[in-house]
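J.: PDB, C-alpha atoms, file start_0.pdb:
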ATOM      1  CA  MET A   1     -10.948   0.905  30.670
ATOM      2  CA  ASP A   2     -10.681   4.591  31.649
ATOM      3  CA  ARG A   3      -7.618   6.766  31.151
ATOM      4  CA  ALA A   4      -6.295   6.204  34.684
ATOM      5  CA  GLY A   5      -6.678   2.450  34.273
ATOM      6  CA  LEU A   6      -4.892   2.539  30.915
ATOM      7  CA  GLU A   7      -2.057   4.578  32.390
ATOM      8  CA  ARG A   8      -1.687   2.116  35.245
ATOM      9  CA  ALA A   9      -1.598  -0.833  32.840
ATOM     10  CA  LEU A  10       0.947   0.910  30.609
ATOM     11  CA  ARG A  11       3.160   1.692  33.588
ATOM     12  CA  GLU A  12       2.968  -1.914  34.738
ATOM     13  CA  HIS A  13       4.094  -3.221  31.328
ATOM     14  CA  HIS A  14       6.536  -0.429  30.549
ATOM     15  CA  GLU A  15       9.757  -2.432  30.823
ATOM     16  CA  ALA A  16       8.383  -5.321  28.771
ATOM     17  CA  ALA A  17       7.048  -2.829  26.223
ATOM     18  CA  TRP A  18      10.485  -1.225  26.012
ATOM     19  CA  GLY A  19      12.171  -4.589  25.343
ATOM     20  CA  TRP A  20       9.575  -5.428  22.692
ATOM     21  CA  ALA A  21       9.891  -2.005  21.053
ATOM     22  CA  LEU A  22      13.672  -2.536  20.867
ATOM     23  CA  ALA A  23      13.129  -5.934  19.242
ATOM     24  CA  CYS A  24      10.632  -4.510  16.731
ATOM     25  CA  CYS A  25      13.012  -1.661  15.855
ATOM     26  CA  ARG A  26      16.028  -3.939  15.362
ATOM     27  CA  ARG A  27      17.502  -2.496  18.549
ATOM     28  CA  ASP A  28      17.543   1.068  17.288
ATOM     29  CA  ARG A  29      17.068   2.865  20.637
ATOM     30  CA  GLN A  30      16.050   6.205  19.189
ATOM     31  CA  LEU A  31      13.410   4.648  16.983
ATOM     32  CA  ALA A  32      12.230   2.394  19.835
ATOM     33  CA  GLU A  33      11.712   5.453  22.051
ATOM     34  CA  GLU A  34       9.670   7.171  19.354
ATOM     35  CA  VAL A  35       7.604   4.054  18.780
ATOM     36  CA  LEU A  36       6.896   3.715  22.485
ATOM     37  CA  GLN A  37       5.858   7.378  22.765
ATOM     38  CA  MET A  38       3.547   7.047  19.768
ATOM     39  CA  THR A  39       2.088   3.839  21.170
ATOM     40  CA  TYR A  40       1.352   5.408  24.551
ATOM     41  CA  ALA A  41      -0.179   8.451  22.890
ATOM     42  CA  SER A  42      -2.413   6.331  20.653
ATOM     43  CA  VAL A  43      -3.540   4.160  23.579
ATOM     44  CA  LEU A  44      -4.426   7.189  25.700
ATOM     45  CA  ASP A  45      -6.118   9.225  22.954
ATOM     46  CA  GLY A  46      -8.233   6.239  21.947
ATOM     47  CA  SER A  47      -6.792   5.687  18.446
ATOM     48  CA  ALA A  48      -5.859   2.208  19.658
ATOM     49  CA  ARG A  49      -8.653   0.732  21.727
ATOM     50  CA  PHE A  50      -8.337  -2.175  24.138
ATOM     51  CA  ASP A  51     -11.508  -4.267  23.905
ATOM     52  CA  GLY A  52     -10.528  -6.921  26.420
ATOM     53  CA  ARG A  53     -10.621  -9.797  23.930
ATOM     54  CA  SER A  54      -7.013 -10.689  24.750
ATOM     55  CA  ALA A  55      -4.621 -10.043  27.616
ATOM     56  CA  PHE A  56      -3.549  -6.405  27.888
ATOM     57  CA  ARG A  57       0.105  -7.265  27.246
ATOM     58  CA  THR A  58      -0.765  -9.254  24.094
ATOM     59  CA  TRP A  59      -2.809  -6.349  22.760
ATOM     60  CA  LEU A  60      -0.186  -3.738  23.718
ATOM     61  CA  PHE A  61       2.561  -5.718  22.011
ATOM     62  CA  GLY A  62       0.408  -5.905  18.881
ATOM     63  CA  VAL A  63       0.019  -2.108  18.882
ATOM     64  CA  ILE A  64       3.772  -1.590  19.377
ATOM     65  CA  ARG A  65       4.523  -3.971  16.542
ATOM     66  CA  ARG A  66       2.155  -2.179  14.144
ATOM     67  CA  VAL A  67       3.469   1.265  15.086
ATOM     68  CA  ALA A  68       7.082   0.077  14.684
ATOM     69  CA  ALA A  69       6.347  -1.457  11.279
ATOM     70  CA  GLY A  70       4.697   1.786  10.143
ATOM     71  CA  GLU A  71       7.596   3.910  11.366
ATOM     72  CA  ARG A  72      10.167   1.654   9.732
ATOM     73  CA  ARG A  73       8.286   1.828   6.441
ATOM     74  CA  ARG A  74       8.022   5.615   6.716
ATOM     75  CA  LEU A  75      11.728   6.015   7.478
ATOM     76  CA  ALA A  76      12.679   3.690   4.621
ATOM     77  CA  ARG A  77      10.514   5.764   2.238
ATOM     78  CA  TRP A  78      12.146   9.019   3.320
ATOM     79  CA  ARG A  79      15.603   7.456   3.095
ATOM     80  CA  ARG A  80      14.924   6.211  -0.448
ATOM     81  CA  LEU A  81      13.599   9.629  -1.434
ATOM     82  CA  GLY A  82      16.631  11.348   0.137
ATOM     83  CA  GLU A  83      19.013   9.054  -1.690
ATOM     84  CA  ARG A  84      17.201   9.587  -4.973
ATOM     85  CA  ILE A  85      17.458  13.343  -4.820
ATOM     86  CA  GLY A  86      21.023  13.099  -3.515
ATOM     87  CA  MET A  87      20.426  14.624  -0.094
ATOM     88  CA  LEU A  88      21.591  11.567   1.783
ATOM     89  CA  ALA A  89      24.401   9.171   1.215
ATOM     90  CA  PRO A  90      23.154   5.567   1.029
ATOM     91  CA  ARG A  91      23.038   4.291   4.567
ATOM     92  CA  GLU A  92      24.526   0.983   5.571
ATOM     93  CA  PRO A  93      21.867  -1.337   6.958
ATOM     94  CA  VAL A  94      21.924  -1.619  10.721
ATOM     95  CA  THR A  95      22.939  -5.151  11.613
ATOM     96  CA  ASP A  96      23.868  -5.032  15.256
ATOM     97  CA  GLY A  97      21.876  -2.028  16.422
ATOM     98  CA  PRO A  98      23.122   1.328  17.654
ATOM     99  CA  ASP A  99      22.528   0.333  21.269
ATOM    100  CA  ARG A 100      25.330  -2.216  21.205
ATOM    101  CA  ALA A 101      27.704   0.047  23.120
ATOM    102  CA  LEU A 102      25.178   0.271  25.948
ATOM    103  CA  LEU A 103      25.227  -3.460  26.537
ATOM    104  CA  ARG A 104      28.051  -3.955  29.003
ATOM    105  CA  ASP A 105      27.183  -7.578  29.627
ATOM    106  CA  GLU A 106      29.184  -9.700  27.176
ATOM    107  CA  THR A 107      26.571 -12.478  27.011
ATOM    108  CA  ALA A 108      23.790  -9.972  26.396
ATOM    109  CA  ARG A 109      25.810  -8.378  23.622
ATOM    110  CA  ARG A 110      26.495 -11.715  21.970
ATOM    111  CA  VAL A 111      22.814 -12.657  22.065
ATOM    112  CA  ALA A 112      21.826  -9.268  20.648
ATOM    113  CA  ASP A 113      24.340  -9.725  17.809
ATOM    114  CA  ALA A 114      23.089 -13.229  17.050
ATOM    115  CA  LEU A 115      19.420 -12.141  17.171
ATOM    116  CA  ALA A 116      20.147  -9.374  14.691
ATOM    117  CA  ARG A 117      21.129 -12.026  12.163
ATOM    118  CA  LEU A 118      17.793 -13.862  12.341
ATOM    119  CA  SER A 119      14.775 -13.089  10.206
ATOM    120  CA  ASP A 120      12.251 -10.649  11.681
ATOM    121  CA  ARG A 121       9.701 -13.397  12.367
ATOM    122  CA  GLN A 122      12.205 -15.741  14.001
ATOM    123  CA  ARG A 123      13.561 -12.915  16.163
ATOM    124  CA  GLU A 124      10.064 -11.877  17.222
ATOM    125  CA  VAL A 125       8.965 -15.392  18.165
ATOM    126  CA  LEU A 126      12.177 -16.100  20.107
ATOM    127  CA  HIS A 127      11.955 -12.753  21.852
ATOM    128  CA  LEU A 128       8.417 -13.442  23.025
ATOM    129  CA  VAL A 129       9.150 -16.995  24.128
ATOM    130  CA  PHE A 130      12.595 -16.632  25.721
ATOM    131  CA  TYR A 131      12.736 -12.961  26.672
ATOM    132  CA  GLU A 132       9.103 -12.441  27.663
ATOM    133  CA  GLU A 133       8.620 -16.056  28.727
ATOM    134  CA  MET A 134       5.403 -16.448  26.764
ATOM    135  CA  THR A 135       4.159 -19.790  25.503
ATOM    136  CA  ILE A 136       4.318 -20.393  21.757
ATOM    137  CA  GLU A 137       0.506 -20.065  21.695
ATOM    138  CA  GLN A 138       0.685 -16.619  23.295
ATOM    139  CA  ALA A 139       3.480 -15.612  20.915
ATOM    140  CA  ALA A 140       1.369 -16.760  17.955
ATOM    141  CA  GLU A 141      -1.598 -14.711  19.214
ATOM    142  CA  THR A 142       0.564 -11.615  19.745
ATOM    143  CA  LEU A 143       2.001 -11.843  16.240
ATOM    144  CA  GLY A 144      -1.288 -12.849  14.623
ATOM    145  CA  LEU A 145       0.204 -16.115  13.355
ATOM    146  CA  ARG A 146      -1.163 -19.639  13.198
ATOM    147  CA  LEU A 147       0.229 -21.833  15.905
ATOM    148  CA  GLY A 148       1.957 -24.141  13.397
ATOM    149  CA  THR A 149       3.649 -21.190  11.682
ATOM    150  CA  ALA A 150       4.820 -19.762  15.007
ATOM    151  CA  ARG A 151       6.162 -23.166  16.012
ATOM    152  CA  THR A 152       8.118 -23.434  12.745
ATOM    153  CA  HIS A 153       9.656 -19.975  13.246
ATOM    154  CA  TYR A 154      10.459 -20.924  16.828
ATOM    155  CA  GLU A 155      12.235 -24.183  15.928
ATOM    156  CA  ARG A 156      14.173 -22.743  12.990
ATOM    157  CA  GLY A 157      15.058 -19.562  14.842
ATOM    158  CA  LYS A 158      16.238 -21.472  17.867
ATOM    159  CA  ALA A 159      18.440 -23.774  15.770
ATOM    160  CA  ARG A 160      19.926 -20.797  13.943
ATOM    161  CA  LEU A 161      20.483 -18.820  17.149
ATOM    162  CA  ARG A 162      22.167 -21.794  18.759
ATOM    163  CA  ALA A 163      24.425 -22.258  15.718
ATOM    164  CA  LEU A 164      25.316 -18.558  15.648
ATOM    165  CA  LEU A 165      26.203 -18.489  19.338
ATOM    166  CA  HIS A 166      28.223 -21.669  18.977
ATOM    167  CA  GLU A 167      30.004 -20.299  15.921
ATOM    168  CA  GLU A 168      30.798 -17.111  17.783
ATOM    169  CA  GLU A 169      32.021 -19.007  20.857
ATOM    170  CA  SER A 170      34.320 -21.263  18.868
ATOM    171  CA  GLY A 171      35.671 -18.291  16.917
ATOM    172  CA  ARG A 172      36.859 -16.474  20.047
TER
ATOM    173  CA  MET B   1      17.066 -34.995  24.672
ATOM    174  CA  THR B   2      18.943 -33.720  27.722
ATOM    175  CA  GLY B   3      21.385 -31.897  25.454
ATOM    176  CA  ARG B   4      18.494 -30.151  23.767
ATOM    177  CA  HIS B   5      16.985 -29.117  27.095
ATOM    178  CA  ASP B   6      20.381 -27.849  28.203
ATOM    179  CA  ASP B   7      20.591 -25.809  25.011
ATOM    180  CA  ASP B   8      17.141 -24.355  25.644
ATOM    181  CA  ARG B   9      18.133 -23.511  29.198
ATOM    182  CA  ARG B  10      21.284 -21.779  28.003
ATOM    183  CA  LEU B  11      19.359 -19.799  25.396
ATOM    184  CA  ARG B  12      16.786 -18.807  27.959
ATOM    185  CA  ALA B  13      19.492 -17.735  30.407
ATOM    186  CA  ALA B  14      21.286 -15.733  27.720
ATOM    187  CA  MET B  15      18.063 -13.997  26.711
ATOM    188  CA  ARG B  16      17.361 -13.192  30.345
ATOM    189  CA  ARG B  17      20.747 -11.491  30.560
ATOM    190  CA  LEU B  18      19.797  -9.391  27.537
ATOM    191  CA  ARG B  19      16.450  -8.565  29.106
ATOM    192  CA  ASP B  20      18.093  -7.478  32.359
ATOM    193  CA  ALA B  21      20.574  -5.324  30.447
ATOM    194  CA  ASP B  22      17.715  -3.710  28.477
ATOM    195  CA  ARG B  23      15.671  -3.034  31.566
ATOM    196  CA  GLY B  24      18.657  -1.407  33.197
ATOM    197  CA  THR B  25      18.832   1.132  30.380
ATOM    198  CA  ALA B  26      15.099   1.603  29.746
ATOM    199  CA  PRO B  27      13.882   5.218  29.574
ATOM    200  CA  GLY B  28      11.493   6.225  32.358
ATOM    201  CA  PHE B  29       7.764   5.638  31.887
ATOM    202  CA  ASP B  30       6.756   9.190  32.853
ATOM    203  CA  GLU B  31       9.224  10.683  30.396
ATOM    204  CA  MET B  32       7.949   8.483  27.547
ATOM    205  CA  LEU B  33       4.352   9.280  28.416
ATOM    206  CA  ALA B  34       4.974  13.027  28.629
ATOM    207  CA  ARG B  35       6.838  13.100  25.310
ATOM    208  CA  GLY B  36       4.243  10.879  23.691
ATOM    209  CA  THR B  37       1.269  13.013  24.695
ATOM    210  CA  ALA B  38       3.137  16.195  23.718
ATOM    211  CA  ARG B  39       3.574  14.946  20.145
ATOM    212  CA  PRO B  40       1.242  16.374  17.540
ATOM    213  CA  ALA B  41      -1.601  13.980  16.856
ATOM    214  CA  PRO B  42      -0.869  11.801  13.849
ATOM    215  CA  VAL B  43      -2.872  12.522  10.732
ATOM    216  CA  ARG B  44      -5.461   9.804  10.355
ATOM    217  CA  ALA B  45      -5.985   7.913   7.142
ATOM    218  CA  ALA B  46      -9.359   9.545   6.418
ATOM    219  CA  TRP B  47      -7.820  12.981   6.694
ATOM    220  CA  ARG B  48      -4.969  11.910   4.452
ATOM    221  CA  TRP B  49      -7.485  10.960   1.748
ATOM    222  CA  ALA B  50      -9.292  14.251   2.208
ATOM    223  CA  PHE B  51      -6.017  16.183   1.837
ATOM    224  CA  ALA B  52      -5.123  14.158  -1.246
ATOM    225  CA  ALA B  53      -8.541  14.850  -2.830
ATOM    226  CA  ALA B  54      -8.229  18.571  -2.051
ATOM    227  CA  GLY B  55      -4.770  18.565  -3.627
ATOM    228  CA  VAL B  56      -6.042  16.948  -6.816
ATOM    229  CA  LEU B  57      -8.921  19.430  -6.969
ATOM    230  CA  ALA B  58      -6.540  22.358  -6.532
ATOM    231  CA  ALA B  59      -4.251  21.006  -9.252
ATOM    232  CA  CYS B  60      -7.206  20.648 -11.679
ATOM    233  CA  THR B  61      -8.408  24.178 -10.931
ATOM    234  CA  LEU B  62      -4.927  25.551 -11.507
ATOM    235  CA  LEU B  63      -4.699  23.659 -14.784
ATOM    236  CA  LEU B  64      -8.014  25.112 -15.970
ATOM    237  CA  LEU B  65      -6.867  28.609 -15.051
ATOM    238  CA  VAL B  66      -3.596  28.443 -16.925
ATOM    239  CA  MET B  67      -5.011  26.677 -19.978
ATOM    240  CA  PRO B  68      -5.914  28.762 -23.122
ATOM    241  CA  ASP B  69      -9.551  29.957 -23.178
ATOM    242  CA  GLY B  70     -10.602  27.752 -26.122
ATOM    243  CA  THR B  71     -10.563  30.370 -28.928
ATOM    244  CA  GLY B  72      -8.117  28.177 -30.777
ATOM    245  CA  PRO B  73      -4.546  28.762 -31.767
ATOM    246  CA  THR B  74      -3.548  32.182 -33.067
ATOM    247  CA  VAL B  75      -2.358  32.255 -36.684
ATOM    248  CA  ASP B  76      -0.173  34.952 -38.117
ATOM    249  CA  GLU B  77      -1.250  36.960 -41.176
ATOM    250  CA  ALA B  78       1.279  35.446 -43.577
ATOM    251  CA  THR B  79       0.019  31.918 -42.900
ATOM    252  CA  LEU B  80      -3.565  33.102 -43.333
ATOM    253  CA  ALA B  81      -2.804  34.730 -46.689
ATOM    254  CA  ARG B  82      -1.049  31.619 -47.905
ATOM    255  CA  ALA B  83      -4.043  29.496 -46.870
ATOM    256  CA  ARG B  84      -6.427  31.775 -48.778
ATOM    257  CA  GLU B  85      -4.253  31.584 -51.861
ATOM    258  CA  LEU B  86      -4.140  27.800 -51.714
ATOM    259  CA  SER B  87      -7.885  27.391 -51.237
ATOM    260  CA  ALA B  88      -8.659  29.737 -54.173
ATOM    261  CA  TRP B  89      -6.699  27.620 -56.602
ATOM    262  CA  SER B  90      -8.626  25.429 -59.038
ATOM    263  CA  SER B  91      -7.475  22.950 -61.593
ATOM    264  CA  PRO B  92      -7.573  24.002 -65.288
ATOM    265  CA  SER B  93      -9.469  20.802 -66.114
ATOM    266  CA  ASP B  94     -12.355  21.934 -63.909
ATOM    267  CA  GLU B  95     -13.866  23.507 -67.061
ATOM    268  CA  LEU B  96     -14.674  20.035 -68.308
ATOM    269  CA  TRP B  97     -17.260  19.774 -65.576
ATOM    270  CA  ASP B  98     -19.228  22.644 -67.029
ATOM    271  CA  TYR B  99     -22.180  21.087 -68.929
ATOM    272  CA  GLY B 100     -23.732  24.324 -70.003
ATOM    273  CA  PRO B 101     -27.462  23.995 -70.851
ATOM    274  CA  LEU B 102     -27.586  20.212 -70.398
ATOM    275  CA  GLU B 103     -29.679  19.118 -67.444
ATOM    276  CA  VAL B 104     -28.627  15.500 -67.384
ATOM    277  CA  ALA B 105     -26.912  15.669 -64.073
ATOM    278  CA  GLN B 106     -29.778  17.583 -62.466
ATOM    279  CA  ASP B 107     -32.508  15.043 -63.230
ATOM    280  CA  VAL B 108     -32.253  11.614 -61.627
ATOM    281  CA  PRO B 109     -34.703   9.106 -63.186
ATOM    282  CA  THR B 110     -36.919   7.184 -60.748
ATOM    283  CA  LEU B 111     -38.340   3.707 -61.176
ATOM    284  CA  GLU B 112     -42.033   3.410 -60.423
ATOM    285  CA  LEU B 113     -44.428   0.472 -60.349
ATOM    286  CA  THR B 114     -46.239   1.826 -63.428
ATOM    287  CA  THR B 115     -43.193   0.857 -65.420
ATOM    288  CA  LEU B 116     -43.748  -2.757 -64.416
ATOM    289  CA  SER B 117     -47.106  -3.150 -66.248
ATOM    290  CA  GLY B 118     -47.610  -6.634 -67.532
ATOM    291  CA  LEU B 119     -45.493  -8.218 -64.813
ATOM    292  CA  ALA B 120     -47.318 -10.362 -62.242
ATOM    293  CA  VAL B 121     -46.004  -9.632 -58.777
ATOM    294  CA  ASP B 122     -47.139 -11.868 -55.947
ATOM    295  CA  VAL B 123     -47.256  -9.787 -52.808
ATOM    296  CA  SER B 124     -49.734 -11.722 -50.664
ATOM    297  CA  SER B 125     -49.100 -15.456 -51.005
ATOM    298  CA  PRO B 126     -47.763 -17.121 -47.863
ATOM    299  CA  ALA B 127     -44.021 -17.598 -47.910
ATOM    300  CA  GLY B 128     -42.905 -20.880 -49.352
ATOM    301  CA  SER B 129     -46.386 -21.980 -50.539
ATOM    302  CA  GLY B 130     -45.679 -21.218 -54.214
ATOM    303  CA  GLU B 131     -49.429 -20.681 -54.783
ATOM    304  CA  PRO B 132     -50.650 -17.176 -55.487
ATOM    305  CA  ALA B 133     -53.552 -15.981 -53.363
ATOM    306  CA  PRO B 134     -56.758 -16.426 -55.298
ATOM    307  CA  ASP B 135     -57.701 -12.827 -55.633
ATOM    308  CA  SER B 136     -54.376 -11.186 -55.045
ATOM    309  CA  LEU B 137     -53.537 -10.159 -58.602
ATOM    310  CA  PRO B 138     -56.504  -7.934 -59.396
ATOM    311  CA  SER B 139     -56.479  -6.166 -56.041
ATOM    312  CA  ALA B 140     -52.744  -5.955 -55.495
ATOM    313  CA  PRO B 141     -52.116  -2.426 -54.369
ATOM    314  CA  GLY B 142     -50.073  -0.253 -56.623
ATOM    315  CA  LEU B 143     -50.437  -2.410 -59.696
ATOM    316  CA  VAL B 144     -52.189  -0.710 -62.491
TER
END
In structure tokens, write the structure found in this file.

T.:
Amino acid sequence: MDRAGLERALREHHEAAWGWALACCRRDRQLAEEVLQMTYASVLDGSARFDGRSAFRTWLFGVIRRVAAGERRRLARWRRLGERIGMLAPREPVTDGPDRALLRDETARRVADALARLSDRQREVLHLVFYEEMTIEQAAETLGLRLGTARTHYERGKARLRALLHEEESGR
Amino acid sequence: MTGRHDDDRRLRAAMRRLRDADRGTAPGFDEMLARGTARPAPVRAAWRWAFAAAGVLAACTLLLLVMPDGTGPTVDEATLARARELSAWSSPSDELWDYGPLEVAQDVPTLELTTLSGLAVDVSSPAGSGEPAPDSLPSAPGLV
């Protein structure tokens, strides 16, 4: 695929890529923006190459996920170093994401809060299946998981998400 | 079963609301692309290794430059004088080792085969046979 074709494909999947980047960055908007920029740059400069073995969206989501994981590791390393030399105060872990204030829809906010309390794997599988409307097979391929493993994360994550939403509803 | 499907539907609907909310606040594609391509290219892993190797090399070179040149540690005069004094000392009983004209300690006796005359030494019979070779004794080398 040439550069113009890649740009067209990226533009077509931009909104989905943004949602996935948010999910991979635990809804940290600033980090998600950086991850998306780095992903686009690496796709266009050829550091990440699409070989057509999977659907473009599946491949793009894989790249975003790897870039996000790398950035999160890098930030965690710098934070640890900063704390060790006393430059930074220990930071509270982000549980509900800095973008919470931007979600005006109450239901959307509640789902985002509940998702933040799931494990990374469960959140990723549920995001792909419910948010991106992928099949569990496609979600497994995107995450590089066996189908059985993806199905387990899906079932457990769904049960936990349901319980969290119910708990939150009954607590109001 | 129906309850479970209803739950799934509700989850799906809730996630769709989140998706719509996210898409409403998504940054523009052109802006992301422009900022992404304007970023400095990330340093690739191979270059990282090269930088690390160059760093190690520089550190070793620096270490060699600042290390002493190998002439050994410098010793002050007082320590040297004390060392000379100590090494010149000898025990008073060392005189006992002086044998004078005796040459006993200079001549070590050696044992030669000529001193074994009269002894029969079997040097050629096969091992374990117990029988001496028929003509081994007269022609055994070294026996006089």

J.: I'd like the residues picked by the ChimeraX specification (/B :<7) & /A written out as a VMD selection string, using the chain letters and numbers from the file.

T.: chain A and resid 11 14 to 15 18 to 19 37 to 38 40 to 41 103 107 to 108 111 130 to 131

J.: So what does the PyMOL selection byres ((chain A and resi 31) around 12) actually pick up in this one, as number ranges by chain?

T.: A: 18, 21-30, 32-38, 64, 67-72, 74-75, 97-99

J.: Would you write out those residues with C-alpha atoms, as a PDB file, in the coordinates of the input?

T.:
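Result file result08.pdb:
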ATOM      1  CA  TRP A  18      10.485  -1.225  26.012  1.00  0.00           C
ATOM      2  CA  ALA A  21       9.891  -2.005  21.053  1.00  0.00           C
ATOM      3  CA  LEU A  22      13.672  -2.536  20.867  1.00  0.00           C
ATOM      4  CA  ALA A  23      13.129  -5.934  19.242  1.00  0.00           C
ATOM      5  CA  CYS A  24      10.632  -4.510  16.731  1.00  0.00           C
ATOM      6  CA  CYS A  25      13.012  -1.661  15.855  1.00  0.00           C
ATOM      7  CA  ARG A  26      16.028  -3.939  15.362  1.00  0.00           C
ATOM      8  CA  ARG A  27      17.502  -2.496  18.549  1.00  0.00           C
ATOM      9  CA  ASP A  28      17.543   1.068  17.288  1.00  0.00           C
ATOM     10  CA  ARG A  29      17.068   2.865  20.637  1.00  0.00           C
ATOM     11  CA  GLN A  30      16.050   6.205  19.189  1.00  0.00           C
ATOM     12  CA  ALA A  32      12.230   2.394  19.835  1.00  0.00           C
ATOM     13  CA  GLU A  33      11.712   5.453  22.051  1.00  0.00           C
ATOM     14  CA  GLU A  34       9.670   7.171  19.354  1.00  0.00           C
ATOM     15  CA  VAL A  35       7.604   4.054  18.780  1.00  0.00           C
ATOM     16  CA  LEU A  36       6.896   3.715  22.485  1.00  0.00           C
ATOM     17  CA  GLN A  37       5.858   7.378  22.765  1.00  0.00           C
ATOM     18  CA  MET A  38       3.547   7.047  19.768  1.00  0.00           C
ATOM     19  CA  ILE A  64       3.772  -1.590  19.377  1.00  0.00           C
ATOM     20  CA  VAL A  67       3.469   1.265  15.086  1.00  0.00           C
ATOM     21  CA  ALA A  68       7.082   0.077  14.684  1.00  0.00           C
ATOM     22  CA  ALA A  69       6.347  -1.457  11.279  1.00  0.00           C
ATOM     23  CA  GLY A  70       4.697   1.786  10.143  1.00  0.00           C
ATOM     24  CA  GLU A  71       7.596   3.910  11.366  1.00  0.00           C
ATOM     25  CA  ARG A  72      10.167   1.654   9.732  1.00  0.00           C
ATOM     26  CA  ARG A  74       8.022   5.615   6.716  1.00  0.00           C
ATOM     27  CA  LEU A  75      11.728   6.015   7.478  1.00  0.00           C
ATOM     28  CA  GLY A  97      21.876  -2.028  16.422  1.00  0.00           C
ATOM     29  CA  PRO A  98      23.122   1.328  17.654  1.00  0.00           C
ATOM     30  CA  ASP A  99      22.528   0.333  21.269  1.00  0.00           C
TER      31      ASP A  99
END

J.: Go through A:Leu118, A:Leu60, A:Leu44, A:Ala163 one by one, measure the shortest atom-to-atom distance of each to Glu141 of chain A using all atoms listed in the file, and give the residue with the smallest value.

T.: A:Leu60

J.: Between atom CA of Glu124 of chain A and atom CA of Leu143 of chain A, measure the distance and give it in Å to one decimal.

T.: 8.1 Å

J.: I need the output of the PyMOL selection byres ((chain A and resi 168) around 12) for this file as a count of residues only; which residues are they?

T.: 17

J.: Axis-aligned box over every listed atom of segment 145-154 of chain A, padded by 8 Å per side: centre and edges in Å to one decimal, as AutoDock Vina command-line options?

T.:
--center_x 4.6 --center_y -20.1 --center_z 14.3 --size_x 27.6 --size_y 24.0 --size_z 21.1

J.: Just how far from atom CA of Ala48 of chain A is atom CA of Val63 of chain A, in Å to one decimal?

T.: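 These atoms are spaced 7.3 Å apart.
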